[in-house]
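J.: Okay, so here is target.cif, and as you'll see once you scroll down, it has mmCIF, C-alpha atoms.
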```
data_run
loop_
_atom_site.label_atom_id
_atom_site.label_comp_id
_atom_site.auth_asym_id
_atom_site.auth_seq_id
_atom_site.Cartn_x
_atom_site.Cartn_y
_atom_site.Cartn_z
CA MET A 1 17.88 10.67 8.97
CA ASN A 2 15.79 13.81 9.52
CA LYS A 3 12.76 11.85 8.38
CA ILE A 4 13.41 9.19 11.04
CA LYS A 5 13.91 11.86 13.71
CA SER A 6 10.68 13.64 12.83
CA ARG A 7 8.79 10.34 12.74
CA THR A 8 10.22 9.37 16.15
CA ILE A 9 9.09 12.70 17.63
CA LYS A 10 5.67 12.31 15.99
CA TYR A 11 5.12 8.84 17.50
CA ILE A 12 6.37 9.91 20.94
CA VAL A 13 3.88 12.81 20.90
CA PHE A 14 1.19 10.41 19.66
CA GLY A 15 1.99 7.98 22.51
CA ILE A 16 1.94 10.71 25.17
CA LEU A 17 -1.39 11.99 23.83
CA GLY A 18 -2.79 8.44 24.02
CA SER A 19 -1.54 8.02 27.60
CA ILE A 20 -3.14 11.33 28.64
CA MET A 21 -6.43 10.28 27.04
CA PHE A 22 -6.29 6.94 28.87
CA VAL A 23 -5.45 8.50 32.26
CA PHE A 24 -8.19 11.15 32.02
CA SER A 25 -10.73 8.57 30.89
CA GLU A 26 -10.00 5.42 32.91
CA ILE A 27 -8.31 6.76 36.06
CA PHE A 28 -9.74 10.27 36.64
CA GLN A 29 -12.93 9.50 34.69
CA TYR A 30 -13.16 13.07 33.37
CA ILE A 31 -13.97 11.96 29.84
CA ASP A 32 -15.89 9.10 28.20
CA THR A 33 -14.35 5.59 28.17
CA PHE A 34 -14.45 5.74 24.34
CA TRP A 35 -11.51 8.18 24.46
CA GLY A 36 -9.65 5.88 26.86
CA GLY A 37 -9.94 3.03 24.37
CA MET A 38 -8.77 5.28 21.59
CA GLY A 39 -5.87 6.43 23.78
CA ILE A 40 -4.75 2.81 24.32
CA GLY A 41 -4.89 2.36 20.55
CA PHE A 42 -2.63 5.39 20.08
CA VAL A 43 -0.15 4.05 22.66
CA VAL A 44 0.00 0.56 21.05
CA VAL A 45 0.42 1.95 17.50
CA SER A 46 3.11 4.40 18.69
CA ALA A 47 4.99 1.64 20.55
CA ILE A 48 4.98 -0.64 17.47
CA ARG A 49 6.13 2.20 15.20
CA LEU A 50 8.89 3.24 17.62
CA ILE A 51 10.16 -0.37 17.83
CA GLN A 52 10.16 -0.54 14.01
CA LEU A 53 12.07 2.77 13.77
CA TYR A 54 14.61 1.54 16.36
CA ARG A 55 15.13 -1.69 14.38
CA TYR A 56 15.42 0.30 11.15
CA GLN A 57 18.24 2.38 12.63
CA ASN A 58 20.11 -0.49 14.27
CA ASP A 59 19.54 -3.52 12.02
CA GLY A 60 21.03 -3.14 8.53
CA ASP A 61 19.28 -6.21 7.11
CA TYR A 62 15.88 -5.07 8.40
CA ALA A 63 16.48 -1.56 7.00
CA GLU A 64 17.38 -2.96 3.58
CA LYS A 65 14.33 -5.26 3.55
CA THR A 66 12.05 -2.39 4.62
CA ASP A 67 13.44 -0.09 1.91
CA ILE A 68 12.92 -2.75 -0.77
CA LYS A 69 9.42 -3.50 0.53
CA ASN A 70 8.50 0.20 0.37
CA SER A 71 10.00 0.88 -3.04
CA ASP A 72 9.23 -2.46 -4.75
CA GLU A 73 6.99 -1.58 -7.71
CA ARG A 74 5.03 -4.88 -7.59
CA ASN A 75 4.30 -4.28 -3.93
CA ARG A 76 3.03 -0.77 -4.75
CA PHE A 77 0.96 -2.16 -7.61
CA ILE A 78 -0.63 -4.75 -5.28
CA ALA A 79 -1.33 -2.08 -2.63
CA GLU A 80 -2.99 0.17 -5.22
CA LYS A 81 -5.03 -2.72 -6.60
CA ALA A 82 -6.13 -3.69 -3.07
CA ARG A 83 -7.20 -0.10 -2.34
CA SER A 84 -9.13 0.03 -5.59
CA MET A 85 -10.90 -3.28 -4.82
CA THR A 86 -11.68 -2.08 -1.28
CA PHE A 87 -13.31 1.08 -2.68
CA TYR A 88 -15.33 -0.92 -5.20
CA TYR A 89 -16.65 -3.45 -2.65
CA PHE A 90 -17.26 -0.73 -0.05
CA ILE A 91 -19.51 1.16 -2.47
CA LEU A 92 -21.31 -2.10 -3.29
CA ILE A 93 -21.86 -3.00 0.39
CA GLU A 94 -23.00 0.56 1.18
CA SER A 95 -25.51 0.54 -1.70
CA ILE A 96 -27.00 -2.78 -0.55
CA SER A 97 -27.09 -1.50 3.05
CA ILE A 98 -29.03 1.62 2.02
CA ILE A 99 -31.78 -0.52 0.45
CA ILE A 100 -31.94 -3.01 3.35
CA LEU A 101 -31.93 -0.27 6.02
CA ARG A 102 -34.66 1.62 4.17
CA MET A 103 -36.79 -1.56 4.00
CA LEU A 104 -36.30 -2.03 7.75
CA HIS A 105 -37.31 1.63 8.32
CA TYR A 106 -33.90 2.67 9.69
CA ASN A 107 -34.22 5.85 7.65
CA GLN A 108 -31.61 7.91 9.48
CA ALA A 109 -28.91 5.25 9.07
CA SER A 110 -29.92 4.84 5.43
CA PHE A 111 -29.56 8.63 4.85
CA ILE A 112 -26.16 8.76 6.56
CA ILE A 113 -24.83 5.96 4.34
CA SER A 114 -26.30 7.66 1.25
CA TYR A 115 -24.49 10.89 2.08
CA THR A 116 -21.29 8.90 2.71
CA ILE A 117 -21.55 7.36 -0.77
CA CYS A 118 -22.13 10.81 -2.28
CA ALA A 119 -19.06 12.18 -0.48
CA GLN A 120 -16.95 9.20 -1.61
CA LEU A 121 -18.04 9.66 -5.23
CA VAL A 122 -17.38 13.41 -5.12
CA ILE A 123 -13.87 12.77 -3.76
CA TYR A 124 -13.36 10.09 -6.44
CA TRP A 125 -14.36 12.46 -9.28
CA LEU A 126 -12.29 15.33 -7.90
CA SER A 127 -9.27 12.98 -7.62
CA TYR A 128 -9.95 11.72 -11.15
CA LEU A 129 -10.08 15.28 -12.56
CA TRP A 130 -6.91 16.27 -10.69
CA LEU A 131 -5.02 13.15 -11.86
CA LYS A 132 -6.34 13.61 -15.42
CA ASN A 133 -4.74 17.06 -15.54
CA LYS A 134 -1.59 15.82 -13.86
CA TYR A 135 -0.88 12.90 -16.22
CA MET B 136 3.87 -10.16 -22.42
CA LYS B 137 6.32 -13.04 -22.44
CA ASN B 138 9.90 -12.77 -21.26
CA ARG B 139 13.17 -14.69 -21.27
CA LEU B 140 14.21 -13.51 -17.82
CA GLU B 141 14.49 -16.95 -16.21
CA GLU B 142 16.40 -18.34 -19.19
CA ILE B 143 18.88 -15.41 -19.25
CA ARG B 144 19.29 -15.48 -15.47
CA ASN B 145 20.04 -19.21 -15.53
CA GLU B 146 22.50 -18.77 -18.41
CA ARG B 147 24.40 -16.19 -16.33
CA GLY B 148 24.23 -18.35 -13.19
CA ILE B 149 22.51 -15.70 -11.08
CA ASN B 150 19.93 -16.63 -8.48
CA GLN B 151 16.65 -14.75 -7.95
CA GLU B 152 17.81 -13.31 -4.62
CA ASP B 153 20.94 -11.71 -6.10
CA LEU B 154 19.07 -10.34 -9.11
CA ALA B 155 16.40 -8.90 -6.81
CA LYS B 156 19.09 -7.24 -4.67
CA ALA B 157 20.81 -5.74 -7.73
CA LEU B 158 17.52 -4.30 -9.00
CA SER B 159 16.29 -3.18 -5.54
CA VAL B 160 13.12 -5.24 -5.79
CA SER B 161 11.84 -8.21 -3.81
CA ARG B 162 12.58 -11.82 -4.76
CA GLN B 163 8.84 -12.33 -5.20
CA THR B 164 8.84 -9.64 -7.91
CA ILE B 165 11.50 -11.54 -9.86
CA SER B 166 9.53 -14.75 -9.43
CA SER B 167 6.30 -13.08 -10.63
CA LEU B 168 8.08 -11.58 -13.65
CA GLU B 169 9.51 -14.96 -14.60
CA ASN B 170 6.13 -16.65 -14.28
CA GLY B 171 4.49 -13.93 -16.39
CA ARG B 172 2.10 -13.02 -13.58
CA TYR B 173 3.38 -9.45 -13.46
CA ASN B 174 4.53 -7.10 -16.23
CA PRO B 175 7.27 -4.66 -15.22
CA SER B 176 7.13 -0.89 -15.57
CA ILE B 177 9.24 0.57 -18.36
CA LEU B 178 11.70 1.73 -15.69
CA LEU B 179 12.18 -1.76 -14.26
CA ALA B 180 12.39 -3.24 -17.76
CA PHE B 181 15.23 -0.80 -18.54
CA LYS B 182 16.94 -1.67 -15.24
CA ILE B 183 16.77 -5.38 -16.09
CA ALA B 184 18.04 -4.79 -19.63
CA ASN B 185 20.89 -2.63 -18.30
CA TYR B 186 21.80 -5.25 -15.71
CA PHE B 187 22.17 -7.95 -18.38
CA SER B 188 23.65 -5.47 -20.93
CA MET B 189 20.93 -6.39 -23.40
CA ALA B 190 18.17 -4.59 -25.28
CA ILE B 191 14.70 -4.64 -23.70
CA GLU B 192 13.21 -6.44 -26.72
CA ASP B 193 15.77 -9.25 -26.30
CA ILE B 194 14.33 -9.98 -22.85
CA PHE B 195 10.67 -8.99 -23.13
CA ILE B 196 8.58 -10.20 -26.03
CA TYR B 197 5.59 -8.09 -26.96
CA GLU B 198 2.49 -10.01 -28.00
CA GLU B 199 -0.57 -8.35 -29.50
CA GLU B 200 -3.60 -8.77 -27.25
CA LEU B 201 -6.38 -10.93 -28.68
CA LYS B 202 -9.68 -9.05 -28.91
#
```
As structure tokens - that is how I would like this structure written.

T.:
Amino acid sequence: MNKIKSRTIKYIVFGILGSIMFVFSEIFQYIDTFWGGMGIGFVVVSAIRLIQLYRYQNDGDYAEKTDIKNSDERNRFIAEKARSMTFYYFILIESISIIILRMLHYNQASFIISYTICAQLVIYWLSYLWLKNKY
Amino acid sequence: MKNRLEEIRNERGINQEDLAKALSVSRQTISSLENGRYNPSILLAFKIANYFSMAIEDIFIYEEELK
């Protein structure tokens, strides 16, 4: 129950923050419209999450289905597999992009993607070492 | 790994939905197990064996992988 309460507070704060960003960007025009768009995103995500939390508290069937969905081991396995595939294909796409961008003389973009790949691989190896010691 | 889950479930007259509920998994998980598309964790295998009051090896049949 405490978890639900803390999540509710978190999403309300998130929603308020999004509204403030939208108001200051679109209405008062103090900040860039980029932040206004992001603010709307925050508000929409918060609203969806708050509706889900409300349903979870008031609809027994929905709560049971959600609990099973979150704890179902096959579902977790699929999610992990999907994340792993995403990482693999992302690295592949990034590597191809580096070569193409370099050939088109977009050197800065090529460098940024190269550094991103390096950072991803460093995080991967650190995670691997940590998990290797853990299990 | 092969299993006799569908056969045992049918013998006991239990549907996939009820078995899924008893094991706190989704109906799709039961379906995937029965079709052999998904192998359960040791924990779920124990849960299934406990539910049917059987030994794990009476439900799940280990087959050596072909190299």

J.: Using the chain letters and numbers from the file, which residues does the PyMOL selection byres ((chain B) within 7 of (chain A)) grab, as an MDAnalysis selection string?

T.: chainID B and resid 159:161 164

J.: Would you work out the distance separating CA of Ala109 in chain A from CA of Arg83 in chain A, expressed in Å to one decimal?

T.: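 So the answer is 25.1 Å.
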
J.: Evaluate the PyMOL selection byres ((chain B and resi 173) around 12) here and jot the selected residues down as a JSON list (two decimals) with C-alpha atoms, in the coordinates of the input.

T.:
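Okay, part-v5.json is ready:
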```
[["chain", "number", "residue", "atom", "x", "y", "z"],
["A", 73, "GLU", "CA", 6.99, -1.58, -7.71],
["A", 74, "ARG", "CA", 5.03, -4.88, -7.59],
["A", 75, "ASN", "CA", 4.30, -4.28, -3.93],
["A", 77, "PHE", "CA", 0.96, -2.16, -7.61],
["A", 78, "ILE", "CA", -0.63, -4.75, -5.28],
["B", 136, "MET", "CA", 3.87, -10.16, -22.42],
["B", 137, "LYS", "CA", 6.32, -13.04, -22.44],
["B", 138, "ASN", "CA", 9.90, -12.77, -21.26],
["B", 163, "GLN", "CA", 8.84, -12.33, -5.20],
["B", 164, "THR", "CA", 8.84, -9.64, -7.91],
["B", 165, "ILE", "CA", 11.50, -11.54, -9.86],
["B", 166, "SER", "CA", 9.53, -14.75, -9.43],
["B", 167, "SER", "CA", 6.30, -13.08, -10.63],
["B", 168, "LEU", "CA", 8.08, -11.58, -13.65],
["B", 169, "GLU", "CA", 9.51, -14.96, -14.60],
["B", 170, "ASN", "CA", 6.13, -16.65, -14.28],
["B", 171, "GLY", "CA", 4.49, -13.93, -16.39],
["B", 172, "ARG", "CA", 2.10, -13.02, -13.58],
["B", 174, "ASN", "CA", 4.53, -7.10, -16.23],
["B", 175, "PRO", "CA", 7.27, -4.66, -15.22],
["B", 176, "SER", "CA", 7.13, -0.89, -15.57],
["B", 179, "LEU", "CA", 12.18, -1.76, -14.26],
["B", 180, "ALA", "CA", 12.39, -3.24, -17.76]]
```

J.: Take the PyMOL selection byres ((chain B and resi 184) around 12), run it mentally on this structure, and tell me the resulting residues as a list in words.

T.: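 Taken over the shown coordinates, the PyMOL selection byres ((chain B and resi 184) around 12) returns Asn138, Arg139, Leu140, Ile143, Arg144, Leu154, Leu158, Pro175, Ile177, Leu178, Leu179, Ala180, Phe181, Lys182, Ile183, Asn185, Tyr186, Phe187, Ser188, Met189, Ala190, Ile191, Glu192, Asp193, Ile194 and Phe195 of chain B.
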
J.: Got time to write the residues from that selection, C-alpha atoms, as a CSV table (one decimal), in the coordinates of the input?

T.:
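Final output, out.csv:
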```csv
chain,number,residue,atom,x,y,z
B,138,ASN,CA,9.9,-12.8,-21.3
B,139,ARG,CA,13.2,-14.7,-21.3
B,140,LEU,CA,14.2,-13.5,-17.8
B,143,ILE,CA,18.9,-15.4,-19.2
B,144,ARG,CA,19.3,-15.5,-15.5
B,154,LEU,CA,19.1,-10.3,-9.1
B,158,LEU,CA,17.5,-4.3,-9.0
B,175,PRO,CA,7.3,-4.7,-15.2
B,177,ILE,CA,9.2,0.6,-18.4
B,178,LEU,CA,11.7,1.7,-15.7
B,179,LEU,CA,12.2,-1.8,-14.3
B,180,ALA,CA,12.4,-3.2,-17.8
B,181,PHE,CA,15.2,-0.8,-18.5
B,182,LYS,CA,16.9,-1.7,-15.2
B,183,ILE,CA,16.8,-5.4,-16.1
B,185,ASN,CA,20.9,-2.6,-18.3
B,186,TYR,CA,21.8,-5.2,-15.7
B,187,PHE,CA,22.2,-8.0,-18.4
B,188,SER,CA,23.6,-5.5,-20.9
B,189,MET,CA,20.9,-6.4,-23.4
B,190,ALA,CA,18.2,-4.6,-25.3
B,191,ILE,CA,14.7,-4.6,-23.7
B,192,GLU,CA,13.2,-6.4,-26.7
B,193,ASP,CA,15.8,-9.2,-26.3
B,194,ILE,CA,14.3,-10.0,-22.8
B,195,PHE,CA,10.7,-9.0,-23.1
```

J.: Go through A:Ser95, A:Gly15, A:Ile9, A:Met21 and flag the residue nearest Thr33 in chain A, using all atoms listed in the file for the distances.

T.: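 Among the listed residues, the smallest separation from Thr33 in chain A belongs to A:Met21.
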